[in-house]
$ cat input_13.cif   # mmCIF, C-alpha atoms
data_target
#
loop_
_atom_site.group_PDB
_atom_site.id
_atom_site.type_symbol
_atom_site.label_atom_id
_atom_site.label_comp_id
_atom_site.auth_asym_id
_atom_site.auth_seq_id
_atom_site.Cartn_x
_atom_site.Cartn_y
_atom_site.Cartn_z
ATOM 1 C CA MET Q 1 0.000 0.000 0.000
ATOM 2 C CA LYS Q 2 2.791 2.401 0.926
ATOM 3 C CA ARG Q 3 4.564 1.627 -2.357
ATOM 4 C CA LEU Q 4 1.356 2.364 -4.326
ATOM 5 C CA LEU Q 5 0.980 5.734 -2.586
ATOM 6 C CA VAL Q 6 4.578 6.679 -3.411
ATOM 7 C CA CYS Q 7 4.055 5.713 -7.082
ATOM 8 C CA LEU Q 8 0.890 7.831 -7.266
ATOM 9 C CA LEU Q 9 2.671 10.816 -5.764
ATOM 10 C CA LEU Q 10 5.464 10.473 -8.305
ATOM 11 C CA LEU Q 11 2.915 10.485 -11.141
ATOM 12 C CA LEU Q 12 1.174 13.694 -10.032
ATOM 13 C CA PRO Q 13 3.476 16.060 -11.993
ATOM 14 C CA ALA Q 14 2.791 14.059 -15.155
ATOM 15 C CA LEU Q 15 -0.941 14.549 -14.614
ATOM 16 C CA ALA Q 16 -0.670 18.342 -14.405
ATOM 17 C CA VAL Q 17 -2.697 20.205 -16.986
ATOM 18 C CA ALA Q 18 -2.380 23.863 -17.915
ATOM 19 C CA LYS Q 19 -5.195 26.012 -16.566
ATOM 20 C CA ASP Q 20 -7.761 27.781 -18.724
ATOM 21 C CA TRP Q 21 -7.922 31.492 -17.907
ATOM 22 C CA LYS Q 22 -10.565 34.131 -18.483
ATOM 23 C CA VAL Q 23 -9.211 37.439 -19.830
ATOM 24 C CA ASN Q 24 -10.490 40.661 -18.265
ATOM 25 C CA ALA Q 25 -10.982 42.732 -21.428
ATOM 26 C CA THR Q 26 -11.519 45.939 -19.448
ATOM 27 C CA THR Q 27 -8.085 45.944 -17.792
ATOM 28 C CA SER Q 28 -6.058 44.089 -20.431
ATOM 29 C CA THR Q 29 -4.154 45.754 -23.270
ATOM 30 C CA LEU Q 30 -2.749 44.687 -26.610
ATOM 31 C CA GLY Q 31 -0.386 47.324 -27.953
ATOM 32 C CA PHE Q 32 2.376 48.111 -30.393
ATOM 33 C CA SER Q 33 4.967 50.805 -30.991
ATOM 34 C CA GLY Q 34 7.164 52.011 -33.796
ATOM 35 C CA SER Q 35 8.396 55.265 -35.244
ATOM 36 C CA TYR Q 36 7.537 57.545 -38.133
ATOM 37 C CA GLN Q 37 10.267 59.897 -39.391
ATOM 38 C CA GLY Q 38 12.144 59.155 -36.179
ATOM 39 C CA ASP Q 39 9.245 60.121 -33.892
ATOM 40 C CA PRO Q 40 7.861 57.295 -31.766
ATOM 41 C CA PHE Q 41 4.208 56.303 -31.890
ATOM 42 C CA HIS Q 42 2.202 53.871 -29.789
ATOM 43 C CA GLY Q 43 -1.101 52.190 -30.372
ATOM 44 C CA THR Q 44 -3.516 49.666 -28.961
ATOM 45 C CA PHE Q 45 -6.297 47.488 -30.235
ATOM 46 C CA LYS Q 46 -9.472 48.136 -28.296
ATOM 47 C CA HIS Q 47 -11.140 44.861 -29.288
ATOM 48 C CA PHE Q 48 -9.527 41.436 -29.140
ATOM 49 C CA ASP Q 49 -10.385 37.978 -27.904
ATOM 50 C CA ALA Q 50 -7.807 35.800 -26.197
ATOM 51 C CA ARG Q 51 -8.234 32.187 -25.163
ATOM 52 C CA ILE Q 52 -5.421 31.330 -22.813
ATOM 53 C CA ARG Q 53 -4.456 27.944 -21.401
ATOM 54 C CA PHE Q 54 -1.268 28.287 -19.424
ATOM 55 C CA ASP Q 55 0.735 26.912 -16.528
ATOM 56 C CA PRO Q 56 4.502 27.534 -16.521
ATOM 57 C CA ALA Q 57 4.959 24.085 -14.972
ATOM 58 C CA ASP Q 58 3.095 22.432 -17.862
ATOM 59 C CA LEU Q 59 4.157 24.041 -21.127
ATOM 60 C CA ALA Q 60 3.257 20.907 -23.116
ATOM 61 C CA THR Q 61 -0.480 21.641 -22.797
ATOM 62 C CA ALA Q 62 -0.286 25.452 -22.922
ATOM 63 C CA ALA Q 63 -2.115 27.244 -25.736
ATOM 64 C CA PHE Q 64 -2.748 30.813 -26.910
ATOM 65 C CA ASP Q 65 -5.445 31.678 -29.439
ATOM 66 C CA VAL Q 66 -5.799 35.430 -29.975
ATOM 67 C CA THR Q 67 -8.016 37.217 -32.496
ATOM 68 C CA VAL Q 68 -7.656 40.982 -32.989
ATOM 69 C CA ASP Q 69 -10.224 43.332 -34.531
ATOM 70 C CA LEU Q 70 -7.899 45.438 -36.718
ATOM 71 C CA ALA Q 71 -10.440 48.250 -37.170
ATOM 72 C CA SER Q 72 -10.242 48.860 -33.409
ATOM 73 C CA VAL Q 73 -6.725 50.316 -33.740
ATOM 74 C CA ASP Q 74 -6.182 53.422 -31.605
ATOM 75 C CA THR Q 75 -2.984 55.492 -31.830
ATOM 76 C CA GLN Q 76 -4.525 58.693 -30.459
ATOM 77 C CA SER Q 77 -4.435 60.069 -34.020
ATOM 78 C CA ALA Q 78 -7.552 59.691 -36.186
ATOM 79 C CA GLU Q 79 -5.508 60.273 -39.350
ATOM 80 C CA ARG Q 80 -2.946 57.588 -38.441
ATOM 81 C CA ASP Q 81 -5.718 55.164 -37.388
ATOM 82 C CA GLN Q 82 -7.453 55.656 -40.742
ATOM 83 C CA THR Q 83 -4.153 55.083 -42.578
ATOM 84 C CA LEU Q 84 -3.436 51.890 -40.612
ATOM 85 C CA ALA Q 85 -6.939 50.546 -41.337
ATOM 86 C CA GLY Q 86 -6.506 51.324 -45.069
ATOM 87 C CA SER Q 87 -5.373 49.063 -47.892
ATOM 88 C CA ASP Q 88 -1.651 49.927 -47.531
ATOM 89 C CA PHE Q 89 -1.568 48.462 -44.025
ATOM 90 C CA PHE Q 90 -4.181 46.300 -42.252
ATOM 91 C CA ASP Q 91 -6.760 46.575 -45.045
ATOM 92 C CA SER Q 92 -9.371 45.958 -42.370
ATOM 93 C CA ALA Q 93 -12.219 46.192 -44.916
ATOM 94 C CA ASN Q 94 -10.930 43.005 -46.613
ATOM 95 C CA THR Q 95 -8.982 41.350 -43.784
ATOM 96 C CA PRO Q 96 -10.718 42.547 -40.612
ATOM 97 C CA LYS Q 97 -8.933 40.239 -38.167
ATOM 98 C CA ALA Q 98 -5.422 39.244 -37.171
ATOM 99 C CA HIS Q 99 -5.062 35.825 -35.582
ATOM 100 C CA PHE Q 100 -2.258 34.261 -33.530
ATOM 101 C CA VAL Q 101 -2.293 30.568 -32.623
ATOM 102 C CA SER Q 102 0.497 28.986 -30.613
ATOM 103 C CA THR Q 103 2.060 25.748 -31.796
ATOM 104 C CA ARG Q 104 4.484 25.040 -28.937
ATOM 105 C CA PHE Q 105 6.074 26.536 -25.830
ATOM 106 C CA GLU Q 106 9.597 26.186 -24.503
ATOM 107 C CA LYS Q 107 12.107 27.644 -22.074
ATOM 108 C CA ASP Q 108 15.240 29.106 -23.634
ATOM 109 C CA ALA Q 109 18.753 28.826 -22.193
ATOM 110 C CA ALA Q 110 18.184 31.950 -20.054
ATOM 111 C CA GLY Q 111 14.978 30.491 -18.587
ATOM 112 C CA ASN Q 112 12.609 32.708 -20.584
ATOM 113 C CA ILE Q 113 9.348 31.142 -21.706
ATOM 114 C CA LEU Q 114 8.798 31.374 -25.461
ATOM 115 C CA ALA Q 115 5.531 30.811 -27.294
ATOM 116 C CA HIS Q 116 5.989 29.775 -30.914
ATOM 117 C CA GLY Q 117 3.074 30.095 -33.288
ATOM 118 C CA THR Q 118 1.621 31.534 -36.462
ATOM 119 C CA LEU Q 119 0.386 35.087 -36.960
ATOM 120 C CA SER Q 120 -2.156 35.552 -39.748
ATOM 121 C CA LEU Q 121 -2.254 39.215 -40.720
ATOM 122 C CA HIS Q 122 -3.136 41.013 -43.943
ATOM 123 C CA GLY Q 123 -3.747 37.652 -45.636
ATOM 124 C CA ILE Q 124 -0.252 36.362 -44.812
ATOM 125 C CA ASP Q 125 0.685 33.614 -42.320
ATOM 126 C CA LYS Q 126 4.143 33.815 -40.743
ATOM 127 C CA PRO Q 127 5.817 32.158 -37.752
ATOM 128 C CA VAL Q 128 6.205 34.356 -34.678
ATOM 129 C CA THR Q 129 7.918 33.823 -31.339
ATOM 130 C CA LEU Q 130 6.555 35.611 -28.278
ATOM 131 C CA LYS Q 131 8.424 36.123 -25.018
ATOM 132 C CA VAL Q 132 6.059 35.266 -22.159
ATOM 133 C CA ASN Q 133 6.074 36.404 -18.542
ATOM 134 C CA PHE Q 134 3.462 34.906 -16.228
ATOM 135 C CA THR Q 135 2.832 36.233 -12.713
ATOM 136 C CA PRO Q 136 0.261 34.267 -10.705
ATOM 137 C CA GLN Q 137 -1.660 36.081 -7.959
ATOM 138 C CA GLY Q 138 -3.893 33.475 -6.262
ATOM 139 C CA ASN Q 139 -6.913 32.849 -8.528
ATOM 140 C CA ALA Q 140 -5.699 35.602 -10.846
ATOM 141 C CA ALA Q 141 -2.586 36.174 -12.921
ATOM 142 C CA GLN Q 142 -0.918 38.706 -15.155
ATOM 143 C CA LEU Q 143 0.415 37.560 -18.503
ATOM 144 C CA THR Q 144 2.758 39.865 -20.410
ATOM 145 C CA VAL Q 145 3.870 39.034 -23.913
ATOM 146 C CA THR Q 146 6.368 40.845 -26.134
ATOM 147 C CA ALA Q 147 7.648 40.385 -29.670
ATOM 148 C CA SER Q 148 9.427 42.275 -32.438
ATOM 149 C CA LEU Q 149 7.742 41.973 -35.822
ATOM 150 C CA LYS Q 150 9.074 42.941 -39.238
ATOM 151 C CA ARG Q 151 6.078 44.762 -40.709
ATOM 152 C CA LEU Q 152 7.144 44.005 -44.289
ATOM 153 C CA ASP Q 153 6.835 40.253 -43.573
ATOM 154 C CA TRP Q 154 3.072 40.887 -43.663
ATOM 155 C CA ALA Q 155 3.254 43.430 -46.538
ATOM 156 C CA LEU Q 156 2.303 46.324 -44.243
ATOM 157 C CA GLY Q 157 3.288 49.652 -45.788
ATOM 158 C CA THR Q 158 5.284 48.334 -48.724
ATOM 159 C CA GLY Q 159 5.023 51.419 -50.959
ATOM 160 C CA GLU Q 160 7.626 54.162 -51.288
ATOM 161 C CA ASP Q 161 5.425 56.502 -49.232
ATOM 162 C CA TRP Q 162 6.030 54.369 -46.138
ATOM 163 C CA VAL Q 163 9.836 54.082 -45.950
ATOM 164 C CA ASP Q 164 9.873 56.504 -42.999
ATOM 165 C CA ILE Q 165 8.046 53.983 -40.792
ATOM 166 C CA SER Q 166 10.257 51.776 -38.645
ATOM 167 C CA PRO Q 167 10.733 48.318 -40.159
ATOM 168 C CA LEU Q 168 10.431 46.705 -36.719
ATOM 169 C CA ILE Q 169 7.219 47.033 -34.743
ATOM 170 C CA GLU Q 170 7.321 46.150 -31.066
ATOM 171 C CA VAL Q 171 4.247 44.308 -29.850
ATOM 172 C CA SER Q 172 3.366 44.103 -26.174
ATOM 173 C CA SER Q 173 0.356 42.876 -24.313
ATOM 174 C CA ARG Q 174 -0.636 42.761 -20.688
ATOM 175 C CA LEU Q 175 -3.494 40.414 -19.989
ATOM 176 C CA GLU Q 176 -5.235 40.365 -16.629
ATOM 177 C CA LEU Q 177 -6.403 36.799 -16.084
ATOM 178 C CA ALA Q 178 -8.872 35.198 -13.705
ATOM 179 C CA ALA Q 179 -9.607 31.552 -13.026
ATOM 180 C CA PRO Q 180 -13.016 30.682 -14.513
#
$ encode --input "input_13.cif" --output "structure tokens"
Amino acid sequence: MKRLLVCLLLLLPALAVAKDWKVNATTSTLGFSGSYQGDPFHGTFKHFDARIRFDPADLATAAFDVTVDLASVDTQSAERDQTLAGSDFFDSANTPKAHFVSTRFEKDAAGNILAHGTLSLHGIDKPVTLKVNFTPQGNAAQLTVTASLKRLDWALGTGEDWVDISPLIEVSSRLELAAP
């Protein structure tokens, strides 16, 4: 009997399953930053849906599935928002959503958690790696994610008029999570 109990206790870590989290849309943000003619700009997407399954102790069953309403872009400049929603960038009339789906998670040599997946944006699917930081707080947690994206990989602003926009766009999100 004692031996059976010890075997069961040893199996418990193998039975761990990542937790499903509910995202608080009111307090969570999904943002980006870049520069135009050397001046920095920042923006957020006001509407997005994120399904998060995550436990840093069980990366094998972790999953991110995030859909972004591109027309909800907000850079605090109506002119810039209209330009980003237009055909030279997001083309939100024809491709209204961006979608990221994770394919695997890992820890790198420095101990950082990385989420690998595919970002579908502007009709183009490309692999993306996100750096993940997870801070549990009882039945809640904060999930921060960062990445550097090459905007031309998704044919965003490819014309000569857009060479003054930084080629790298920094993406950052802070999701406030609650246990369902």
$ resolve_selection --input "input_13.cif" --expression "the PyMOL selection byres ((chain Q and resi 148) around 10)" --output "mmCIF file with C-alpha atoms, in the coordinates of the input"
data_model
loop_
_atom_site.group_PDB
_atom_site.id
_atom_site.type_symbol
_atom_site.label_atom_id
_atom_site.label_comp_id
_atom_site.auth_asym_id
_atom_site.auth_seq_id
_atom_site.Cartn_x
_atom_site.Cartn_y
_atom_site.Cartn_z
ATOM 1 C CA PHE Q 32 2.376 48.111 -30.393
ATOM 2 C CA SER Q 33 4.967 50.805 -30.991
ATOM 3 C CA VAL Q 128 6.205 34.356 -34.678
ATOM 4 C CA THR Q 129 7.918 33.823 -31.339
ATOM 5 C CA LEU Q 130 6.555 35.611 -28.278
ATOM 6 C CA LYS Q 131 8.424 36.123 -25.018
ATOM 7 C CA THR Q 146 6.368 40.845 -26.134
ATOM 8 C CA ALA Q 147 7.648 40.385 -29.670
ATOM 9 C CA LEU Q 149 7.742 41.973 -35.822
ATOM 10 C CA LYS Q 150 9.074 42.941 -39.238
ATOM 11 C CA ARG Q 151 6.078 44.762 -40.709
ATOM 12 C CA PRO Q 167 10.733 48.318 -40.159
ATOM 13 C CA LEU Q 168 10.431 46.705 -36.719
ATOM 14 C CA ILE Q 169 7.219 47.033 -34.743
ATOM 15 C CA GLU Q 170 7.321 46.150 -31.066
ATOM 16 C CA VAL Q 171 4.247 44.308 -29.850
ATOM 17 C CA SER Q 172 3.366 44.103 -26.174
#
$ closest_residue --input "input_13.cif" --among "Q:Leu119, Q:Leu59, Q:Val68, Q:Ala50" --to "Q:Val132" --atoms "all atoms listed in the file"
Q:Leu59
$ resolve_selection --input "input_13.cif" --expression "the PyMOL selection byres ((chain Q and resi 158-161) around 12)" --output "JSON, numbers by chain"
{"Q": [36, 37, 83, 87, 88, 89, 90, 150, 151, 152, 153, 154, 155, 156, 157, 162, 163, 164, 165, 166, 167]}
$ residues_around --input "input_13.cif" --residues "Q:Thr75" --least-positions-apart "6" --cutoff "10 Å" --atoms "all atoms listed in the file" --output "VMD selection string"
chain Q and resid 31 to 33 41 to 45 81 to 82 84
$ residues_near_point --input "input_13.cif" --point "(-3.3, 26.5, -23.9)" --cutoff "7 Å" --atoms "only C-alpha atoms" --output "mmCIF file with C-alpha atoms, in the coordinates of the input"
data_model
loop_
_atom_site.group_PDB
_atom_site.id
_atom_site.type_symbol
_atom_site.label_atom_id
_atom_site.label_comp_id
_atom_site.auth_asym_id
_atom_site.auth_seq_id
_atom_site.Cartn_x
_atom_site.Cartn_y
_atom_site.Cartn_z
ATOM 1 C CA ALA Q 18 -2.380 23.863 -17.915
ATOM 2 C CA ASP Q 20 -7.761 27.781 -18.724
ATOM 3 C CA ILE Q 52 -5.421 31.330 -22.813
ATOM 4 C CA ARG Q 53 -4.456 27.944 -21.401
ATOM 5 C CA PHE Q 54 -1.268 28.287 -19.424
ATOM 6 C CA THR Q 61 -0.480 21.641 -22.797
ATOM 7 C CA ALA Q 62 -0.286 25.452 -22.922
ATOM 8 C CA ALA Q 63 -2.115 27.244 -25.736
ATOM 9 C CA PHE Q 64 -2.748 30.813 -26.910
#
$ residues_around --input "input_13.cif" --residues "Q:Asp69" --least-positions-apart "4" --cutoff "7 Å" --atoms "only C-alpha atoms" --output "PyMOL selection string"
chain Q and resi 47-48+96-98
$ resolve_selection --input "input_13.cif" --expression "the PyMOL selection byres ((chain Q and resi 139) around 10)" --output "list in words"
Trp21, Pro136, Gln137, Gly138, Ala140, Ala141, Leu177, Ala178, Ala179 and Pro180 of chain Q
$ atom_distance --input "input_13.cif" --atom1 "atom CA of Q:Thr26" --atom2 "atom CA of Q:Asn112"
27.5 Å
$ atom_distance --input "input_13.cif" --atom1 "atom CA of Q:Gly34" --atom2 "atom CA of Q:Leu175"
20.9 Å
$ residues_around --input "input_13.cif" --residues "Q:Ser28" --least-positions-apart "3" --cutoff "9 Å" --atoms "all atoms listed in the file" --output "PyMOL selection string"
chain Q and resi 23-25+173-177
$ closest_residue --input "input_13.cif" --among "Q:Thr135, Q:Ala71, Q:Asp65, Q:Gly86" --to "Q:Ser120" --atoms "only C-alpha atoms"
Q:Asp65
$ atom_distance --input "input_13.cif" --atom1 "atom CA of Q:Phe100" --atom2 "atom CA of Q:Asp125"
9.3 Å
$ closest_residue --input "input_13.cif" --among "Q:Ser72, Q:Thr95, Q:Thr103, Q:Gln142" --to "Q:Pro127" --atoms "all atoms listed in the file"
Q:Thr103
$ closest_residue --input "input_13.cif" --among "Q:Ala93, Q:Asp108, Q:His99, Q:Leu143" --to "Q:Lys22" --atoms "only C-alpha atoms"
Q:Leu143
